[in-house]
file data-v6.txt (compact mmCIF, C-alpha atoms and all ligand atoms)
# COMPACT_ATOMS: atom_id res chain seq x y z
CA MET K 1 19.99 8.40 -55.64
CA ASP K 2 20.32 7.67 -59.38
CA TYR K 3 19.04 4.07 -59.29
CA ASP K 4 17.71 1.47 -56.87
CA VAL K 5 19.85 -1.19 -58.54
CA ILE K 6 22.74 -1.28 -61.00
CA VAL K 7 23.57 -4.59 -62.66
CA ALA K 8 27.10 -4.73 -64.10
CA GLY K 9 27.43 -7.38 -66.81
CA LEU K 10 24.49 -8.28 -69.06
CA GLY K 11 25.22 -11.87 -70.05
CA ALA K 12 23.10 -14.78 -68.90
CA MET K 13 22.95 -13.74 -65.24
CA GLY K 14 22.79 -9.96 -65.65
CA SER K 15 20.14 -9.95 -68.40
CA ALA K 16 17.90 -12.28 -66.36
CA SER K 17 18.37 -10.00 -63.34
CA VAL K 18 17.53 -6.71 -65.09
CA TYR K 19 14.49 -8.30 -66.71
CA GLN K 20 13.18 -9.52 -63.35
CA LEU K 21 13.96 -6.19 -61.69
CA ALA K 22 12.17 -4.25 -64.41
CA ARG K 23 9.16 -6.60 -64.13
CA SER K 24 8.86 -5.69 -60.47
CA GLY K 25 9.05 -1.96 -61.19
CA VAL K 26 12.44 -1.28 -59.55
CA SER K 27 14.49 1.55 -61.06
CA THR K 28 17.35 -0.32 -62.71
CA LEU K 29 20.43 0.39 -64.79
CA GLY K 30 22.08 -2.47 -66.69
CA LEU K 31 25.66 -1.91 -67.88
CA ASP K 32 27.88 -3.91 -70.20
CA GLN K 33 31.32 -3.23 -71.64
CA PHE K 34 30.20 -4.78 -74.98
CA ARG K 35 26.87 -5.09 -76.82
CA PRO K 36 25.18 -8.24 -75.49
CA PRO K 37 24.56 -10.79 -76.75
CA HIS K 38 28.20 -10.97 -77.91
CA ASP K 39 30.81 -13.69 -78.39
CA GLN K 40 33.52 -12.60 -75.94
CA GLY K 41 32.25 -14.15 -72.69
CA SER K 42 30.44 -17.33 -71.67
CA SER K 43 26.99 -17.06 -73.23
CA HIS K 44 27.45 -17.56 -76.98
CA GLY K 45 27.43 -20.52 -79.36
CA ASP K 46 23.72 -20.91 -80.27
CA SER K 47 22.72 -23.53 -77.68
CA ARG K 48 23.03 -24.61 -74.05
CA ILE K 49 21.96 -27.98 -72.69
CA THR K 50 19.18 -27.98 -70.15
CA ARG K 51 18.25 -31.03 -68.08
CA LEU K 52 16.00 -31.44 -65.06
CA ALA K 53 17.82 -34.15 -63.11
CA ILE K 54 21.01 -32.30 -62.24
CA GLY K 55 24.10 -34.51 -61.95
CA GLU K 56 26.06 -31.64 -60.34
CA GLY K 57 23.67 -31.71 -57.35
CA GLU K 58 20.10 -32.85 -56.71
CA HIS K 59 19.39 -29.53 -54.94
CA LEU K 60 19.61 -27.73 -58.31
CA THR K 61 16.61 -29.54 -59.81
CA PRO K 62 13.94 -27.16 -58.40
CA LEU K 63 15.96 -24.22 -59.77
CA VAL K 64 16.02 -25.55 -63.33
CA GLN K 65 12.38 -26.63 -63.12
CA HIS K 66 11.46 -23.06 -62.24
CA SER K 67 13.73 -21.75 -65.02
CA HIS K 68 11.80 -23.85 -67.53
CA GLU K 69 8.59 -22.16 -66.37
CA LEU K 70 10.27 -18.76 -66.71
CA TRP K 71 11.70 -19.56 -70.18
CA ARG K 72 8.19 -20.52 -71.33
CA ARG K 73 6.71 -17.29 -69.93
CA LEU K 74 9.50 -15.31 -71.58
CA GLU K 75 8.70 -17.02 -74.89
CA GLN K 76 5.12 -15.76 -74.64
CA GLU K 77 6.17 -12.24 -73.73
CA SER K 78 8.84 -12.01 -76.43
CA ALA K 79 7.36 -14.23 -79.19
CA GLU K 80 10.80 -15.92 -79.45
CA THR K 81 11.54 -19.65 -79.41
CA LEU K 82 13.93 -20.15 -76.50
CA LEU K 83 13.52 -23.67 -75.06
CA THR K 84 13.32 -26.89 -77.09
CA GLN K 85 12.60 -30.08 -75.15
CA CYS K 86 14.04 -32.67 -77.55
CA GLY K 87 15.31 -34.99 -74.79
CA ALA K 88 18.81 -35.65 -73.41
CA LEU K 89 20.84 -38.83 -73.43
CA MET K 90 23.58 -39.26 -70.83
CA ILE K 91 25.92 -42.15 -71.72
CA SER K 92 28.23 -43.77 -69.19
CA SER K 93 29.71 -47.13 -68.16
CA ASP K 94 30.91 -48.79 -64.97
CA THR K 95 34.56 -48.41 -66.01
CA THR K 96 34.62 -44.82 -67.30
CA ARG K 97 37.14 -42.40 -65.76
CA ALA K 98 35.60 -39.35 -67.46
CA SER K 99 33.84 -36.98 -65.09
CA VAL K 100 31.31 -34.29 -65.91
CA HIS K 101 32.13 -31.38 -63.57
CA VAL K 102 31.79 -33.55 -60.44
CA GLY K 103 32.37 -37.18 -59.45
CA ASN K 104 29.26 -39.40 -59.63
CA PHE K 105 27.57 -37.25 -62.28
CA PHE K 106 25.62 -40.18 -63.71
CA THR K 107 24.48 -41.66 -60.40
CA THR K 108 23.52 -38.21 -59.06
CA THR K 109 21.52 -37.57 -62.24
CA LEU K 110 19.65 -40.80 -61.64
CA SER K 111 19.03 -40.14 -57.96
CA ALA K 112 17.84 -36.57 -58.74
CA ALA K 113 15.39 -37.99 -61.28
CA ARG K 114 14.05 -40.51 -58.77
CA ARG K 115 13.86 -38.03 -55.91
CA HIS K 116 12.10 -35.32 -57.92
CA GLY K 117 9.87 -37.64 -59.98
CA ILE K 118 11.42 -36.72 -63.34
CA ASP K 119 10.38 -38.85 -66.29
CA HIS K 120 13.35 -40.92 -67.50
CA SER K 121 14.40 -44.33 -68.77
CA ILE K 122 17.58 -46.37 -68.61
CA LEU K 123 18.73 -47.76 -71.95
CA ASP K 124 21.24 -50.56 -72.54
CA ALA K 125 23.66 -50.37 -75.48
CA ALA K 126 21.35 -52.32 -77.81
CA GLU K 127 18.44 -49.98 -77.07
CA ILE K 128 20.61 -46.86 -77.59
CA ARG K 129 21.73 -48.26 -80.98
CA ARG K 130 18.12 -49.05 -81.95
CA ARG K 131 16.76 -45.61 -81.03
CA PHE K 132 19.78 -43.48 -81.82
CA PRO K 133 21.99 -45.23 -84.41
CA GLN K 134 24.15 -42.09 -84.75
CA PHE K 135 25.88 -42.97 -81.42
CA LEU K 136 28.61 -45.65 -81.67
CA VAL K 137 28.17 -47.04 -78.15
CA ARG K 138 30.20 -50.01 -76.87
CA ASP K 139 28.46 -53.11 -75.49
CA HIS K 140 29.23 -52.21 -71.86
CA GLU K 141 27.86 -48.66 -72.09
CA TYR K 142 24.39 -47.59 -70.99
CA GLY K 143 22.32 -44.44 -71.05
CA TYR K 144 19.92 -42.29 -69.07
CA PHE K 145 17.28 -40.70 -71.29
CA GLU K 146 15.26 -37.70 -70.08
CA PRO K 147 12.50 -36.61 -72.50
CA GLN K 148 11.86 -33.16 -70.92
CA ALA K 149 15.49 -32.09 -71.27
CA GLY K 150 16.80 -30.28 -74.35
CA PHE K 151 18.42 -26.95 -75.12
CA VAL K 152 17.96 -23.21 -74.69
CA ARG K 153 19.17 -20.55 -77.12
CA PRO K 154 21.49 -18.28 -75.11
CA GLU K 155 21.76 -15.28 -77.44
CA ALA K 156 17.97 -15.20 -77.97
CA CYS K 157 17.35 -15.43 -74.20
CA ILE K 158 19.70 -12.51 -73.49
CA ARG K 159 18.28 -10.40 -76.34
CA ALA K 160 14.67 -11.04 -75.26
CA GLN K 161 15.34 -10.26 -71.58
CA LEU K 162 17.18 -7.01 -72.36
CA LEU K 163 14.53 -5.89 -74.81
CA LEU K 164 11.69 -6.57 -72.38
CA ALA K 165 13.60 -4.99 -69.49
CA GLU K 166 14.02 -1.81 -71.52
CA ARG K 167 10.34 -1.82 -72.49
CA LEU K 168 9.47 -2.12 -68.82
CA GLY K 169 11.53 0.94 -67.99
CA ALA K 170 15.06 -0.31 -67.21
CA HIS K 171 17.96 1.74 -68.57
CA ILE K 172 20.41 -0.39 -70.56
CA ARG K 173 23.81 1.10 -71.36
CA THR K 174 26.12 -0.94 -73.56
CA GLN K 175 29.77 -0.27 -74.35
CA GLU K 176 30.12 1.22 -70.89
CA ARG K 177 32.60 -0.43 -68.56
CA LEU K 178 32.43 -0.56 -64.77
CA LEU K 179 35.80 0.58 -63.45
CA SER K 180 35.27 0.66 -59.68
CA PHE K 181 32.72 0.84 -56.88
CA GLU K 182 32.80 1.96 -53.27
CA ALA K 183 30.43 2.34 -50.34
CA GLU K 184 29.05 5.86 -49.89
CA GLY K 185 26.98 5.86 -46.72
CA ALA K 186 24.16 3.37 -47.23
CA ALA K 187 24.60 3.62 -51.01
CA VAL K 188 27.25 2.51 -53.51
CA ARG K 189 29.17 4.85 -55.81
CA VAL K 190 29.72 3.22 -59.22
CA ILE K 191 32.36 4.63 -61.58
CA THR K 192 32.36 3.65 -65.24
CA ASP K 193 34.45 4.81 -68.20
CA LYS K 194 31.55 7.12 -69.13
CA ALA K 195 29.87 8.30 -65.91
CA SER K 196 29.47 8.08 -62.15
CA TYR K 197 26.26 6.82 -60.46
CA ARG K 198 24.84 6.42 -56.99
CA THR K 199 22.78 3.27 -56.39
CA ARG K 200 21.20 1.51 -53.42
CA ARG K 201 22.48 -1.87 -54.56
CA LEU K 202 24.97 -3.20 -57.06
CA VAL K 203 24.88 -6.64 -58.70
CA LEU K 204 28.23 -7.78 -60.13
CA ALA K 205 27.60 -10.34 -62.89
CA ALA K 206 30.79 -9.88 -64.89
CA GLY K 207 31.41 -13.55 -65.80
CA ALA K 208 35.05 -14.28 -66.57
CA TRP K 209 35.97 -10.63 -65.80
CA MET K 210 34.94 -11.06 -62.16
CA PRO K 211 38.56 -11.45 -60.90
CA ASP K 212 39.40 -8.08 -62.52
CA LEU K 213 36.54 -6.36 -60.70
CA LEU K 214 36.96 -8.03 -57.32
CA GLY K 215 40.74 -7.85 -57.05
CA PRO K 216 43.51 -10.27 -56.08
CA SER K 217 41.97 -11.52 -52.82
CA PHE K 218 39.06 -13.04 -54.79
CA ALA K 219 40.99 -14.22 -57.83
CA SER K 220 41.72 -17.64 -56.36
CA LEU K 221 37.96 -18.36 -56.19
CA PHE K 222 37.69 -18.45 -59.97
CA ARG K 223 39.42 -20.73 -62.44
CA ILE K 224 39.00 -19.56 -66.02
CA THR K 225 39.44 -22.02 -68.87
CA ARG K 226 39.13 -21.78 -72.65
CA GLN K 227 36.63 -24.20 -74.19
CA VAL K 228 36.20 -24.95 -77.89
CA LEU K 229 32.97 -25.55 -79.83
CA ASN K 230 32.85 -27.07 -83.33
CA TRP K 231 29.95 -27.37 -85.76
CA PHE K 232 30.47 -30.35 -88.12
CA ALA K 233 28.73 -30.89 -91.44
CA ILE K 234 26.41 -33.90 -91.76
CA ALA K 235 27.71 -36.41 -94.33
CA GLU K 236 24.73 -38.81 -94.41
CA ASN K 237 21.30 -39.35 -92.89
CA PRO K 238 20.47 -35.73 -91.95
CA ASP K 239 17.09 -36.92 -90.59
CA LEU K 240 18.90 -38.61 -87.70
CA PHE K 241 20.15 -35.20 -86.52
CA THR K 242 16.86 -33.30 -86.38
CA PRO K 243 15.80 -32.27 -82.86
CA GLY K 244 12.95 -34.80 -83.09
CA ARG K 245 15.32 -37.74 -83.76
CA CYS K 246 18.49 -36.66 -81.99
CA PRO K 247 18.65 -35.72 -78.29
CA VAL K 248 21.25 -33.46 -76.74
CA PHE K 249 23.88 -35.74 -75.24
CA ILE K 250 26.61 -35.91 -72.60
CA TRP K 251 28.94 -38.87 -72.91
CA GLN K 252 31.40 -40.02 -70.25
CA LEU K 253 33.70 -41.64 -72.81
CA PRO K 254 35.00 -45.14 -72.08
CA GLU K 255 38.64 -44.21 -72.90
CA GLY K 256 40.59 -41.36 -71.28
CA THR K 257 39.22 -38.84 -68.84
CA ARG K 258 37.28 -36.43 -71.04
CA ASN K 259 33.62 -36.23 -71.85
CA LEU K 260 31.89 -35.38 -75.10
CA TYR K 261 28.66 -33.46 -75.49
CA GLY K 262 26.57 -32.20 -78.33
CA PHE K 263 23.29 -31.12 -79.85
CA PRO K 264 21.05 -32.00 -82.76
CA ALA K 265 21.24 -29.82 -85.89
CA ILE K 266 19.18 -27.05 -84.29
CA ASP K 267 19.14 -24.75 -87.32
CA GLY K 268 18.57 -27.40 -89.97
CA PRO K 269 21.14 -29.74 -91.56
CA GLU K 270 23.01 -26.84 -93.23
CA GLY K 271 23.83 -25.40 -89.80
CA GLY K 272 25.72 -28.55 -88.80
CA VAL K 273 25.94 -30.41 -85.51
CA LYS K 274 27.64 -28.71 -82.56
CA ILE K 275 29.96 -31.04 -80.65
CA ALA K 276 32.40 -30.21 -77.86
CA SER K 277 34.44 -31.61 -75.03
CA GLU K 278 35.65 -29.88 -71.88
CA GLN K 279 39.20 -29.12 -70.80
CA ASP K 280 40.18 -28.30 -67.25
CA THR K 281 43.97 -28.40 -67.42
CA THR K 282 44.98 -25.01 -68.89
CA THR K 283 43.77 -21.77 -67.35
CA THR K 284 43.57 -18.35 -68.97
CA THR K 285 42.05 -14.90 -68.39
CA ALA K 286 39.27 -13.02 -70.16
CA GLY K 287 41.85 -10.45 -71.30
CA SER K 288 44.49 -12.83 -72.66
CA VAL K 289 42.53 -15.83 -74.00
CA ARG K 290 43.12 -16.96 -77.57
CA ARG K 291 39.76 -16.37 -79.28
CA ASP K 292 40.23 -18.09 -82.62
CA VAL K 293 40.16 -21.86 -83.11
CA SER K 294 42.89 -23.31 -85.34
CA ARG K 295 42.18 -25.77 -88.12
CA GLN K 296 44.56 -28.20 -86.41
CA GLU K 297 42.55 -28.06 -83.15
CA THR K 298 39.41 -28.97 -85.09
CA GLU K 299 41.11 -31.79 -87.02
CA VAL K 300 42.52 -33.38 -83.87
CA PHE K 301 39.15 -33.08 -82.12
CA TYR K 302 37.34 -34.75 -85.02
CA ARG K 303 39.90 -37.56 -85.22
CA ASP K 304 40.06 -38.29 -81.46
CA TYR K 305 36.51 -37.55 -80.30
CA VAL K 306 33.98 -37.31 -83.11
CA ALA K 307 34.97 -40.08 -85.55
CA PRO K 308 35.26 -42.85 -82.91
CA ASN K 309 31.91 -42.02 -81.31
CA LEU K 310 29.46 -40.59 -83.85
CA ARG K 311 28.31 -41.86 -87.23
CA TYR K 312 27.41 -39.79 -90.31
CA LEU K 313 29.32 -36.59 -89.42
CA SER K 314 31.86 -35.20 -91.84
CA PRO K 315 35.27 -33.79 -90.77
CA GLN K 316 34.27 -30.50 -92.43
CA SER K 317 33.93 -27.83 -89.76
CA LEU K 318 31.25 -25.27 -90.61
CA LYS K 319 32.06 -23.03 -87.67
CA ALA K 320 34.28 -23.07 -84.58
CA ARG K 321 34.28 -20.79 -81.53
CA SER K 322 36.05 -20.52 -78.22
CA CYS K 323 34.17 -19.67 -75.03
CA LEU K 324 35.10 -19.20 -71.35
CA TYR K 325 34.26 -21.30 -68.32
CA THR K 326 34.65 -19.65 -64.91
CA GLN K 327 34.73 -22.47 -62.39
CA THR K 328 34.77 -22.52 -58.63
CA ALA K 329 36.67 -25.24 -56.74
CA ASP K 330 33.53 -27.34 -56.18
CA PHE K 331 32.00 -26.57 -59.62
CA GLY K 332 29.15 -24.83 -57.78
CA PHE K 333 27.71 -21.32 -57.99
CA ILE K 334 28.39 -18.13 -56.04
CA VAL K 335 25.51 -15.78 -55.30
CA ASP K 336 26.38 -13.89 -52.14
CA THR K 337 26.96 -10.42 -50.76
CA HIS K 338 30.46 -8.94 -50.92
CA PRO K 339 32.21 -9.55 -47.56
CA ALA K 340 33.05 -5.82 -47.35
CA SER K 341 29.68 -4.45 -48.48
CA ALA K 342 26.20 -5.84 -47.89
CA GLN K 343 24.94 -3.60 -50.74
CA VAL K 344 26.98 -5.47 -53.38
CA LEU K 345 26.05 -8.93 -54.67
CA ILE K 346 28.63 -11.23 -56.28
CA VAL K 347 27.14 -13.48 -58.97
CA SER K 348 29.49 -16.01 -60.50
CA ALA K 349 29.43 -17.35 -64.06
CA CYS K 350 28.37 -20.69 -62.61
CA SER K 351 31.07 -23.19 -63.49
CA GLY K 352 30.12 -24.21 -67.03
CA HIS K 353 26.58 -25.34 -66.22
CA GLY K 354 24.73 -22.17 -65.23
CA PHE K 355 22.81 -21.09 -68.30
CA LYS K 356 19.89 -23.45 -67.78
CA HIS K 357 19.43 -21.99 -64.26
CA SER K 358 19.93 -18.35 -65.17
CA ALA K 359 16.24 -17.42 -65.47
CA ALA K 360 15.51 -18.53 -61.88
CA LEU K 361 18.82 -17.14 -60.62
CA GLY K 362 17.83 -13.76 -62.10
CA GLU K 363 14.52 -13.90 -60.23
CA GLY K 364 16.30 -14.67 -56.94
CA ILE K 365 18.88 -11.93 -57.53
CA ALA K 366 16.05 -9.43 -58.19
CA ARG K 367 14.46 -10.48 -54.89
CA TRP K 368 17.74 -9.69 -53.06
CA ALA K 369 18.05 -6.39 -54.93
CA ARG K 370 14.55 -5.40 -53.76
CA GLY K 371 15.72 -5.89 -50.18
CA GLU K 372 13.80 -9.13 -49.60
CA GLY K 373 16.87 -11.33 -49.13
CA LEU K 374 18.13 -14.24 -51.22
CA PRO K 375 15.68 -17.15 -51.70
CA PRO K 376 16.18 -20.02 -49.20
CA GLY K 377 17.22 -22.33 -52.05
CA PHE K 378 20.34 -20.18 -52.63
CA GLY K 379 21.94 -21.36 -49.36
CA THR K 380 24.46 -23.57 -51.19
CA PHE K 381 25.75 -20.61 -53.24
CA LEU K 382 27.33 -18.73 -50.33
CA LEU K 383 31.00 -17.73 -50.15
CA ASN K 384 31.63 -19.11 -46.66
CA ARG K 385 31.82 -22.67 -48.03
CA PHE K 386 35.30 -21.91 -49.45
C1 LIG K 401 31.43 -23.55 -74.01
C2 LIG K 401 30.41 -23.41 -72.93
C3 LIG K 401 29.41 -24.35 -72.86
C4 LIG K 401 28.44 -24.27 -71.85
N1 LIG K 401 27.43 -25.18 -71.84
C5 LIG K 401 26.43 -25.05 -70.95
C6 LIG K 401 25.30 -25.89 -71.05
O1 LIG K 401 25.21 -26.75 -71.93
N2 LIG K 401 24.30 -25.71 -70.15
C7 LIG K 401 24.36 -24.75 -69.20
O2 LIG K 401 23.41 -24.65 -68.42
N3 LIG K 401 25.42 -23.92 -69.09
C8 LIG K 401 26.44 -24.05 -69.95
N4 LIG K 401 27.52 -23.20 -69.90
C9 LIG K 401 27.61 -22.23 -68.81
C10 LIG K 401 26.80 -20.98 -69.07
O3 LIG K 401 26.85 -20.62 -70.40
C11 LIG K 401 27.35 -19.91 -68.12
O4 LIG K 401 27.10 -20.34 -66.79
C12 LIG K 401 26.69 -18.55 -68.35
O5 LIG K 401 26.63 -18.23 -69.70
C13 LIG K 401 27.48 -17.49 -67.59
O6 LIG K 401 26.82 -16.25 -67.77
P1 LIG K 401 27.38 -14.91 -67.12
O7 LIG K 401 26.29 -13.90 -67.25
O8 LIG K 401 27.92 -15.17 -65.77
O9 LIG K 401 28.65 -14.52 -68.01
P2 LIG K 401 28.70 -13.74 -69.45
O10 LIG K 401 27.57 -14.18 -70.29
O11 LIG K 401 30.07 -13.89 -69.94
O12 LIG K 401 28.39 -12.26 -69.03
C14 LIG K 401 29.28 -11.43 -68.34
C15 LIG K 401 29.10 -10.05 -68.90
O13 LIG K 401 29.79 -9.11 -68.09
C16 LIG K 401 30.29 -8.10 -68.94
N5 LIG K 401 31.34 -7.40 -68.21
C17 LIG K 401 32.48 -7.92 -67.71
N6 LIG K 401 33.20 -6.99 -67.06
C18 LIG K 401 32.49 -5.84 -67.17
C19 LIG K 401 32.72 -4.50 -66.71
N7 LIG K 401 33.82 -4.16 -66.02
N8 LIG K 401 31.79 -3.57 -67.00
C20 LIG K 401 30.66 -3.88 -67.72
N9 LIG K 401 30.42 -5.13 -68.17
C21 LIG K 401 31.32 -6.09 -67.90
C22 LIG K 401 30.78 -8.88 -70.15
O14 LIG K 401 30.95 -8.07 -71.28
C23 LIG K 401 29.68 -9.91 -70.31
O15 LIG K 401 28.68 -9.47 -71.21
C24 LIG K 401 28.51 -23.24 -70.88
C25 LIG K 401 29.52 -22.29 -70.96
C26 LIG K 401 30.46 -22.35 -71.98
C27 LIG K 401 31.54 -21.33 -72.06

call {"tool": "encode", "arguments": {"input": "data-v6.txt", "output": "structure tokens"}}
result
Amino acid sequence: MDYDVIVAGLGAMGSASVYQLARSGVSTLGLDQFRPPHDQGSSHGDSRITRLAIGEGEHLTPLVQHSHELWRRLEQESAETLLTQCGALMISSDTTRASVHVGNFFTTTLSAARRHGIDHSILDAAEIRRRFPQFLVRDHEYGYFEPQAGFVRPEACIRAQLLLAERLGAHIRTQERLLSFEAEGAAVRVITDKASYRTRRLVLAAGAWMPDLLGPSFASLFRITRQVLNWFAIAENPDLFTPGRCPVFIWQLPEGTRNLYGFPAIDGPEGGVKIASEQDTTTTTAGSVRRDVSRQETEVFYRDYVAPNLRYLSPQSLKARSCLYTQTADFGFIVDTHPASAQVLIVSACSGHGFKHSAALGEGIARWARGEGLPPGFGTFLLNRF
């Protein structure tokens, strides 16, 4: 046997898995077709929101709470700054038609906070304006503020986990692409564009490339969409955009059906303020997606989303990137064994809200790979729900 475990794909999920496997002394090979962290998949763009009361499902709160513990431990081991708890503001209203991934996002956030005892406050429009004058809220809007929420730095998390995994003895091979896998007795034969390996277990964490690896019968499980991120220059009052004065935010806009989310200026005022929305209407594939962002896309986004809702930001775009969501039909996660092989684990890219959970998911995936089964809390991630 060449390895106990091979992890294919070293983005958020794969890097967390190899790190946890290496920590527990399992012989591990991590493979990626590119050189992670890179900007071709789902884990780039400087920041990811993390929040403890999870509007996509109360059951996810313990997972993110544990991830916060793991991010803090990883910070100590790597001497990197990974998690910043600058607070999150969720803005909504009784009449909004904008959803965030699921229906009832705001009310589920609130019930998760109450059920799990998460510190929070409810702010009316006047209080939001007083504390955060950069948000142009309407009189009928209100907010949920969670002080322990904030953001993680995805590229730094991936880099730190891969570096530590290697130091702990894992083999990391980049620019090596998994082509196919098949059962070979109790083992799995893994063929790449460079070599062939025999492993006891295989973890597939290929993000938006998962349909290519799993074949047509699985393709309908995953819906891949192109998302656009823009970093806008600050025109006035840069102090209002420091992580101490500006929370991360998710806004169920009062008009239309889309939401708006964003971050403080996490790398100082010169780095700009990252703002984005989500689109769910046009699908794509990892191989055919348009990577660049046109000037027109940015101008329209500023005019329709930024200018009506945020003060003090300039239309000047400092940077723009596209990124891929890989959603399931219920916006949930998939972490389950392959129906045709109990030695192969399918790990999905987690529907546009998985980064914050990836540290704890990696720990659970490592537990499965050691032959100890998936953690009980992973019961909602199984394939049989589709
Ligand atoms: C714009 C955007 C905003 C988001 N915002 C948030 C947020 O605020 N909070 C949050 O918690 N989550 C957020 N998410 C979701 C989160 O980022 C994803 O859940 C997470 O990054 C998915 O990680 P992954 O490891 O599955 O995929 P990736 O990071 O894309 O990793 C997959 C890896 O597999 C490799 N690979 C693919 N095929 C092969 C092959 N055949 N052989 C070898 N390697 C292969 C790829 O090169 C890639 O490195 C957001 C996602 C996007 C796109």

call {"tool": "residues_near_ligand", "arguments": {"input": "data-v6.txt", "ligand": "ligand LIG 401 (chain K)", "cutoff": "6 Å", "atoms": "all atoms listed in the file", "output": "PyMOL selection string"}}
result
chain K and resi 8-14+31-34+36+41-43+48-50+177-179+205-207+209+227+323-325+348-356

call {"tool": "residues_around", "arguments": {"input": "data-v6.txt", "residues": "K:Ala149", "least_positions_apart": "5", "cutoff": "8 Å", "atoms": "all atoms listed in the file", "output": "VMD selection string"}}
result
chain K and resid 49 to 52 85 to 88

call {"tool": "atom_distance", "arguments": {"input": "data-v6.txt", "atom1": "atom CA of K:Asp267", "atom2": "atom CA of K:Arg131"}}
result
21.9 Å

call {"tool": "residues_around", "arguments": {"input": "data-v6.txt", "residues": "K:Pro308", "least_positions_apart": "3", "cutoff": "10 Å", "atoms": "all atoms listed in the file", "output": "list in words"}}
result
Phe135, Leu136, Val137, Tyr302, Arg303, Asp304, Tyr305 and Arg311 of chain K

call {"tool": "write_last_selection", "arguments": {"input": "data-v6.txt", "atoms": "C-alpha atoms", "output": "mmCIF file, in the frame of the given file"}}
result
data_model
loop_
_atom_site.group_PDB
_atom_site.id
_atom_site.type_symbol
_atom_site.label_atom_id
_atom_site.label_comp_id
_atom_site.auth_asym_id
_atom_site.auth_seq_id
_atom_site.Cartn_x
_atom_site.Cartn_y
_atom_site.Cartn_z
ATOM 1 C CA PHE K 135 25.880 -42.970 -81.420
ATOM 2 C CA LEU K 136 28.610 -45.650 -81.670
ATOM 3 C CA VAL K 137 28.170 -47.040 -78.150
ATOM 4 C CA TYR K 302 37.340 -34.750 -85.020
ATOM 5 C CA ARG K 303 39.900 -37.560 -85.220
ATOM 6 C CA ASP K 304 40.060 -38.290 -81.460
ATOM 7 C CA TYR K 305 36.510 -37.550 -80.300
ATOM 8 C CA ARG K 311 28.310 -41.860 -87.230
#

call {"tool": "axis_aligned_box", "arguments": {"input": "data-v6.txt", "around": "stretch 359-371 of chain K", "padding_each_side": "5 Å", "output": "lines of an AutoDock Vina configuration file"}}
result
center_x = 16.7
center_y = -12.0
center_z = -57.8
size_x = 14.4
size_y = 23.1
size_z = 25.3

call {"tool": "residues_around", "arguments": {"input": "data-v6.txt", "residues": "K:Leu202", "least_positions_apart": "6", "cutoff": "6 Å", "atoms": "only C-alpha atoms", "output": "ChimeraX atom specification"}}
result
/K:5-7,344

call {"tool": "residues_around", "arguments": {"input": "data-v6.txt", "residues": "K:Ser17", "least_positions_apart": "2", "cutoff": "7 Å", "atoms": "only C-alpha atoms", "output": "list in words"}}
result
Met13, Gly14, Ser15, Tyr19, Gln20, Leu21, Gly362, Glu363, Ile365 and Ala366 of chain K

call {"tool": "residues_around", "arguments": {"input": "data-v6.txt", "residues": "K:Ala22", "least_positions_apart": "3", "cutoff": "8 Å", "atoms": "only C-alpha atoms", "output": "PyMOL selection string"}}
result
chain K and resi 18-19+25-28+165-166+168-170

call {"tool": "closest_residue", "arguments": {"input": "data-v6.txt", "among": "K:Ala112, K:Val100, K:Leu260, K:Ala79", "to": "K:His59", "atoms": "all atoms listed in the file"}}
result
K:Ala112

call {"tool": "residues_near_point", "arguments": {"input": "data-v6.txt", "point": "(5.7, -13.7, -68.2)", "cutoff": "12 Å", "atoms": "only C-alpha atoms", "output": "number ranges by chain"}}
result
K: 19-20, 23-24, 67-79, 160-161, 164-165, 359, 363

call {"tool": "atom_distance", "arguments": {"input": "data-v6.txt", "atom1": "atom CA of K:Gln40", "atom2": "atom CA of K:Lys194"}}
result
21.0 Å

call {"tool": "residues_near_point", "arguments": {"input": "data-v6.txt", "point": "(29.9, -21.5, -51.1)", "cutoff": "9 Å", "atoms": "all atoms listed in the file", "output": "count of residues only"}}
result
14

call {"tool": "closest_residue", "arguments": {"input": "data-v6.txt", "among": "K:Pro154, K:Pro133, K:Gly55, K:Gly45", "to": "K:Ala113", "atoms": "only C-alpha atoms"}}
result
K:Gly55

call {"tool": "closest_residue", "arguments": {"input": "data-v6.txt", "among": "K:Arg295, K:His171, K:Phe181, K:Pro62", "to": "K:Phe378", "atoms": "only C-alpha atoms"}}
result
K:Pro62

call {"tool": "atom_distance", "arguments": {"input": "data-v6.txt", "atom1": "atom CA of K:Glu141", "atom2": "atom CA of K:Leu240"}}
result
20.6 Å
